[in-house]
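Below you'll find the structure, written out as structure tokens, and then a few comments.
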Amino acid sequence: MADVRGRMADARGRDRAQLFLVGALAVAVLFVSLALLLNTAIYTENLATRNTASDATHAHELRESTNASVAGVVGYANYRENESYDTLWTAVATGVRDVSDGAAVHGAVRGRPVEVSLDSVENGTRITHDVEGPFVDASATPRGSWTVVDGAAGSRDIRLDVSTTNLADGSGLTTVSDYRQSDLFHLDLAESSGSTYEVFVYGDGADTVSVRVIEDDGTPDFVGSTCSATAGADGHVLVSVSRASVDDTACPALSFAEGLGQHDVEMQNATVAGSTQIQGTYELFVDQDVTTVETTAGPYYDETATSQSPYATPAVYTADVALDYRTAALTYDTRVTVDPEAHPRRYGIGRQSWRLSLAGGGGGGGGGDGGGGGNAAPTGSVSISDVTDEGGNRYDIETSWSASDTDGSVASVEVILRDPDGGAVETKSPPLGSSPVTFQDVKITGKNAGAPWTVELVVYDDQGGSTTITHTEDLP
Amino acid sequence: MRGQAHTLEAVTAALLLLGAVLFALQTTAVTPLTASTSSQHIENQQAAVAEGVLVSAAEEGTLKPTLLYWNESASGHWNADYLGAYTRAGPPTALGETLNGTFLERGIAFNLNVHYVQNGQQRAHRVVNFGEPSDNAVSATKTVTLYDDDVLRAADRSRTTTTLAATDQFYVDDDAAATQTSGVYNVVVVEVVVWRM
């Protein structure tokens, strides 16, 4: 008989060793494949959360800041370099070039070239009434109902700073025909092919100004509801038709002003039979050449007559700039139409510091209005003693002043330098006896060169009285 | 003979197993997404928040007043802590309050740098300096244009009467080419760098 037991015994020994090794190999392969699975899962999650949008976010941010920068340049040109359309164009083009140069340096540091260039400028007109008074025109017998602009392609930034003094009252009116038959002031925006929007501005109780809009497209109807605001300490309420707000309250009824077609702007009932229905200041920009405005509408005062308004000056209505931005993964070419309305206002009526300067200026203009009875107001004198040219249209203006009080003593003085528009360029509060006072590096250029500048001395005495003395001189 | 073969196989099997375990443990990746203070998610989130703070500050008009919150006589920001910069919290302006509320209260440090152009080069000025950022810091930027007639702010945040054109003690110089007719003073980039403390 064959001996199979021995061979079987041998076979089992060899089988056990092989099982051991094979088992170890299998477990090893299992561990490695588990590690591979884990890594795959982690990598997938990593890939899924990679942020690839950063380049586009930078491009968008650059577009917004370009819009804001060029809007500021346009604002500066409209108020400081507005002698003619040529000077406006030069100012805007130079400004855009400066913005582009600055942005290019910042972009170059990160390897992302940026270029901003001026494509085109839309010429328009700025119509301003900046001397507090009724909203009448500049004719020999001022009319309360007149055309502000005839057939303008567009208008923007319409704002009225309405005083509560001499404001016609319209509190009891309710229906559309009540308003239209009344003598209340209304600003009309009449589309050539479309409706006419009448913005009624009237008083509604003590110190309150209300605004109501009526749309006339054949059948006159109210638009939205009444918007009201109470005047602050300065007695004025800012009605901003373009920003659809009355002082700080939003007024949805005024949002019709967006997207109007070609339209006329008219003022109706600013004075009725000689009595003032509304007074204050206002300003607006229209998309029409200044010579056309002055011949077909108005009439307007000459803009160089400093204490008379309304007047029309050349202005930039809007500007188009081309923005070019490149990164390794993105090429961004776009045209930005500058929207000055969308950014904080830095000049003109309703600018950010308007309320502060109005409150201060109003008091100063009133002159010696302080103190109780029996106090003699202080006296003083001021003059411009020296003007030094520092180059680059900048001048040092030295003013000599003196102040005295007959029945007390002088508490403090203020010396204010005003440009030909009446705005305060710089205010100094020198210590008593420190005459002369020098205004350093005052920029006199464009319309302001050769125009009358004013130095104003405000003297306060120790009993609450004050006096304002002015001296006007053509500079430089 | 067979005993030696058995032993050899046992040793080999053990080594194989041990090697496999060590290999598997070593190759498991601890990636940036692993939960820790340096997670990529947290970085993305902080970047988005920083950008949101800058954009909303620009909209509200609180960004520029902080840049102009400058003490001419001390050549530093008002009430600054060290070398004209703030080192303990944000500046006492509206933007500083926003930054404090958004970042400092959550244990996130931030630097506020202003990069300006001088002679065709970019220079940096620190407004808020919390030190050197960590390796996991992110930044957000906003470009702002300063104009000749922007006015400096006083210590109580009110407007003074000193325009940028009139002063030469401001930390940003008038860009050489930008002095004539355009009214542009300089183009600056405001950068907020945030990192977890």
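Ligands are numbered from 1 in the order shown, chains are lettered A, B, ... in the order of the structure tokens, and residues start at 1 in each chain.
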> Quick one: residues within 8 Å of range 6-16 of chain B, only C-alpha atoms counted, chain neighbours fewer than 4 positions away excluded, as an NGL selection string?
Replying inline: (:A and (17 or 20-21 or 24-25 or 28)) or (:B and (2 or 20))
Residues from the last selection, all heavy atoms, saved as a CSV table (one decimal), in the first residue's frame:
chain,number,residue,atom,x,y,z
A,17,ALA,N,2.4,27.3,6.2
A,17,ALA,CA,3.3,28.4,6.0
A,17,ALA,C,2.8,29.3,4.9
A,17,ALA,O,2.8,30.5,5.0
A,17,ALA,CB,4.7,27.9,5.7
A,20,PHE,N,0.0,31.6,6.0
A,20,PHE,CA,0.5,32.7,6.8
A,20,PHE,C,1.0,33.8,6.0
A,20,PHE,O,0.6,35.0,6.2
A,20,PHE,CB,1.6,32.1,7.7
A,20,PHE,CG,1.9,33.0,8.9
A,20,PHE,CD1,0.9,33.5,9.7
A,20,PHE,CD2,3.2,33.2,9.3
A,20,PHE,CE1,1.1,34.2,10.8
A,20,PHE,CE2,3.5,34.0,10.4
A,20,PHE,CZ,2.4,34.5,11.2
A,21,LEU,N,1.8,33.4,5.0
A,21,LEU,CA,2.4,34.5,4.2
A,21,LEU,C,1.3,35.1,3.3
A,21,LEU,O,1.2,36.4,3.2
A,21,LEU,CB,3.4,33.8,3.3
A,21,LEU,CG,4.3,34.8,2.5
A,21,LEU,CD1,5.1,35.7,3.5
A,21,LEU,CD2,5.3,34.0,1.6
A,24,ALA,N,-0.8,37.5,5.4
A,24,ALA,CA,-0.1,38.8,5.6
A,24,ALA,C,-0.2,39.6,4.4
A,24,ALA,O,-0.4,40.8,4.5
A,24,ALA,CB,1.3,38.5,6.0
A,25,LEU,N,0.1,39.0,3.2
A,25,LEU,CA,0.1,39.8,2.0
A,25,LEU,C,-1.3,40.4,1.8
A,25,LEU,O,-1.4,41.6,1.4
A,25,LEU,CB,0.4,38.9,0.8
A,25,LEU,CG,0.8,39.6,-0.5
A,25,LEU,CD1,2.1,40.4,-0.3
A,25,LEU,CD2,1.0,38.5,-1.6
A,28,ALA,N,-1.9,43.4,4.0
A,28,ALA,CA,-1.1,44.5,3.6
A,28,ALA,C,-1.7,45.2,2.5
A,28,ALA,O,-1.9,46.5,2.4
A,28,ALA,CB,0.3,44.0,3.2
B,2,ARG,N,12.9,22.3,7.9
B,2,ARG,CA,11.5,22.9,7.8
B,2,ARG,C,11.3,24.0,8.8
B,2,ARG,O,10.6,25.0,8.6
B,2,ARG,CB,10.5,21.8,7.9
B,2,ARG,CG,10.2,21.0,6.6
B,2,ARG,CD,8.8,20.5,6.6
B,2,ARG,NE,8.5,19.7,7.8
B,2,ARG,CZ,8.7,18.4,8.0
B,2,ARG,NH1,9.3,17.8,7.0
B,2,ARG,NH2,8.4,17.8,9.1
B,20,ALA,N,3.4,47.4,5.6
B,20,ALA,CA,2.2,47.9,5.0
B,20,ALA,C,1.5,48.9,5.9
B,20,ALA,O,1.0,49.9,5.4
B,20,ALA,CB,1.3,46.7,4.6
> Could you name the residues that touch Gly95 in chain A at 7 Å or less, counting only C-alpha atoms, but leaving out those on the same chain fewer than 3 positions away, as an MDAnalysis selection string?
Replying inline: (chainID A and resid 73 91:92 98:99) or (chainID B and resid 182:184)
Store the residues picked out above in a file with all heavy atoms, as a PDB file, in the first residue's frame.
ATOM      1  N   VAL A  73     -13.445 113.069 -10.496  1.00  0.00           N
ATOM      2  CA  VAL A  73     -12.743 113.944 -11.432  1.00  0.00           C
ATOM      3  C   VAL A  73     -13.743 114.826 -12.178  1.00  0.00           C
ATOM      4  O   VAL A  73     -13.536 116.031 -12.356  1.00  0.00           O
ATOM      5  CB  VAL A  73     -11.919 113.096 -12.423  1.00  0.00           C
ATOM      6  CG1 VAL A  73     -11.456 113.931 -13.588  1.00  0.00           C
ATOM      7  CG2 VAL A  73     -10.730 112.475 -11.727  1.00  0.00           C
ATOM      8  N   ALA A  91      -9.444 119.062 -18.195  1.00  0.00           N
ATOM      9  CA  ALA A  91      -9.426 118.654 -16.789  1.00  0.00           C
ATOM     10  C   ALA A  91      -9.823 117.191 -16.646  1.00  0.00           C
ATOM     11  O   ALA A  91      -9.188 116.427 -15.911  1.00  0.00           O
ATOM     12  CB  ALA A  91     -10.374 119.535 -15.979  1.00  0.00           C
ATOM     13  N   VAL A  92     -10.860 116.781 -17.352  1.00  0.00           N
ATOM     14  CA  VAL A  92     -11.308 115.393 -17.222  1.00  0.00           C
ATOM     15  C   VAL A  92     -10.263 114.450 -17.809  1.00  0.00           C
ATOM     16  O   VAL A  92      -9.949 113.406 -17.233  1.00  0.00           O
ATOM     17  CB  VAL A  92     -12.677 115.193 -17.899  1.00  0.00           C
ATOM     18  CG1 VAL A  92     -13.071 113.743 -17.904  1.00  0.00           C
ATOM     19  CG2 VAL A  92     -13.739 116.017 -17.196  1.00  0.00           C
ATOM     20  N   ASP A  98      -4.341 110.672 -14.735  1.00  0.00           N
ATOM     21  CA  ASP A  98      -3.723 110.534 -13.416  1.00  0.00           C
ATOM     22  C   ASP A  98      -4.244 109.304 -12.691  1.00  0.00           C
ATOM     23  O   ASP A  98      -3.483 108.560 -12.058  1.00  0.00           O
ATOM     24  CB  ASP A  98      -4.014 111.784 -12.564  1.00  0.00           C
ATOM     25  CG  ASP A  98      -3.281 113.003 -13.092  1.00  0.00           C
ATOM     26  OD1 ASP A  98      -2.261 112.811 -13.765  1.00  0.00           O
ATOM     27  OD2 ASP A  98      -3.744 114.123 -12.822  1.00  0.00           O
ATOM     28  N   VAL A  99      -5.542 109.077 -12.788  1.00  0.00           N
ATOM     29  CA  VAL A  99      -6.119 107.889 -12.151  1.00  0.00           C
ATOM     30  C   VAL A  99      -5.529 106.632 -12.777  1.00  0.00           C
ATOM     31  O   VAL A  99      -5.179 105.665 -12.091  1.00  0.00           O
ATOM     32  CB  VAL A  99      -7.655 107.909 -12.296  1.00  0.00           C
ATOM     33  CG1 VAL A  99      -8.250 106.578 -11.938  1.00  0.00           C
ATOM     34  CG2 VAL A  99      -8.258 108.993 -11.434  1.00  0.00           C
TER      35      VAL A  99
ATOM     36  N   SER B 182      -6.252 118.675 -12.716  1.00  0.00           N
ATOM     37  CA  SER B 182      -7.160 117.535 -12.669  1.00  0.00           C
ATOM     38  C   SER B 182      -7.793 117.367 -11.303  1.00  0.00           C
ATOM     39  O   SER B 182      -8.854 116.789 -11.186  1.00  0.00           O
ATOM     40  CB  SER B 182      -6.422 116.248 -13.022  1.00  0.00           C
ATOM     41  OG  SER B 182      -5.491 115.954 -11.996  1.00  0.00           O
ATOM     42  N   GLY B 183      -7.122 117.857 -10.257  1.00  0.00           N
ATOM     43  CA  GLY B 183      -7.703 117.715  -8.935  1.00  0.00           C
ATOM     44  C   GLY B 183      -7.425 116.381  -8.284  1.00  0.00           C
ATOM     45  O   GLY B 183      -7.811 116.166  -7.145  1.00  0.00           O
ATOM     46  N   VAL B 184      -6.740 115.477  -8.974  1.00  0.00           N
ATOM     47  CA  VAL B 184      -6.436 114.180  -8.370  1.00  0.00           C
ATOM     48  C   VAL B 184      -5.174 114.326  -7.531  1.00  0.00           C
ATOM     49  O   VAL B 184      -4.158 114.827  -8.001  1.00  0.00           O
ATOM     50  CB  VAL B 184      -6.221 113.115  -9.471  1.00  0.00           C
ATOM     51  CG1 VAL B 184      -5.739 111.817  -8.870  1.00  0.00           C
ATOM     52  CG2 VAL B 184      -7.512 112.898 -10.229  1.00  0.00           C
TER      53      VAL B 184
END
Residues of chain B that approach chain A to 6 Å or less, counting only C-alpha atoms: could you list each one with the shortest pair of atoms and its distance in Å to one decimal, rows by chain and increasing residue number, as JSON lines?
{"residue": "B:Ala13", "atom": "CA", "partner": "A:Leu21", "partner_atom": "CA", "distance": 5.1}
{"residue": "B:Leu17", "atom": "CA", "partner": "A:Ala28", "partner_atom": "CA", "distance": 5.4}
{"residue": "B:Ala20", "atom": "CA", "partner": "A:Ala28", "partner_atom": "CA", "distance": 4.9}
{"residue": "B:Ala24", "atom": "CA", "partner": "A:Val32", "partner_atom": "CA", "distance": 5.2}
{"residue": "B:Thr28", "atom": "CA", "partner": "A:Ala35", "partner_atom": "CA", "distance": 5.9}
{"residue": "B:Thr143", "atom": "CA", "partner": "A:Ser65", "partner_atom": "CA", "distance": 5.7}
{"residue": "B:Thr145", "atom": "CA", "partner": "A:Ser69", "partner_atom": "CA", "distance": 5.6}
{"residue": "B:Thr161", "atom": "CA", "partner": "A:Glu426", "partner_atom": "CA", "distance": 5.4}
{"residue": "B:Ala166", "atom": "CA", "partner": "A:Asp441", "partner_atom": "CA", "distance": 5.6}
{"residue": "B:Ala178", "atom": "CA", "partner": "A:Asp98", "partner_atom": "CA", "distance": 5.7}
{"residue": "B:Thr181", "atom": "CA", "partner": "A:Ala91", "partner_atom": "CA", "distance": 5.5}
{"residue": "B:Ser182", "atom": "CA", "partner": "A:Gly95", "partner_atom": "CA", "distance": 4.4}
{"residue": "B:Val187", "atom": "CA", "partner": "A:Gly102", "partner_atom": "CA", "distance": 5.1}
>> From a backbone DSSP assignment, name each residue in range 39-171 of chain A labelled helix (DSSP H, G or I), as an MDAnalysis selection string.
In response: chainID A and resid 39:48 54:80 85:109
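Relative to CA of Asp169 in chain A, CA of Ala231 in chain A is found at 14.7 Å.
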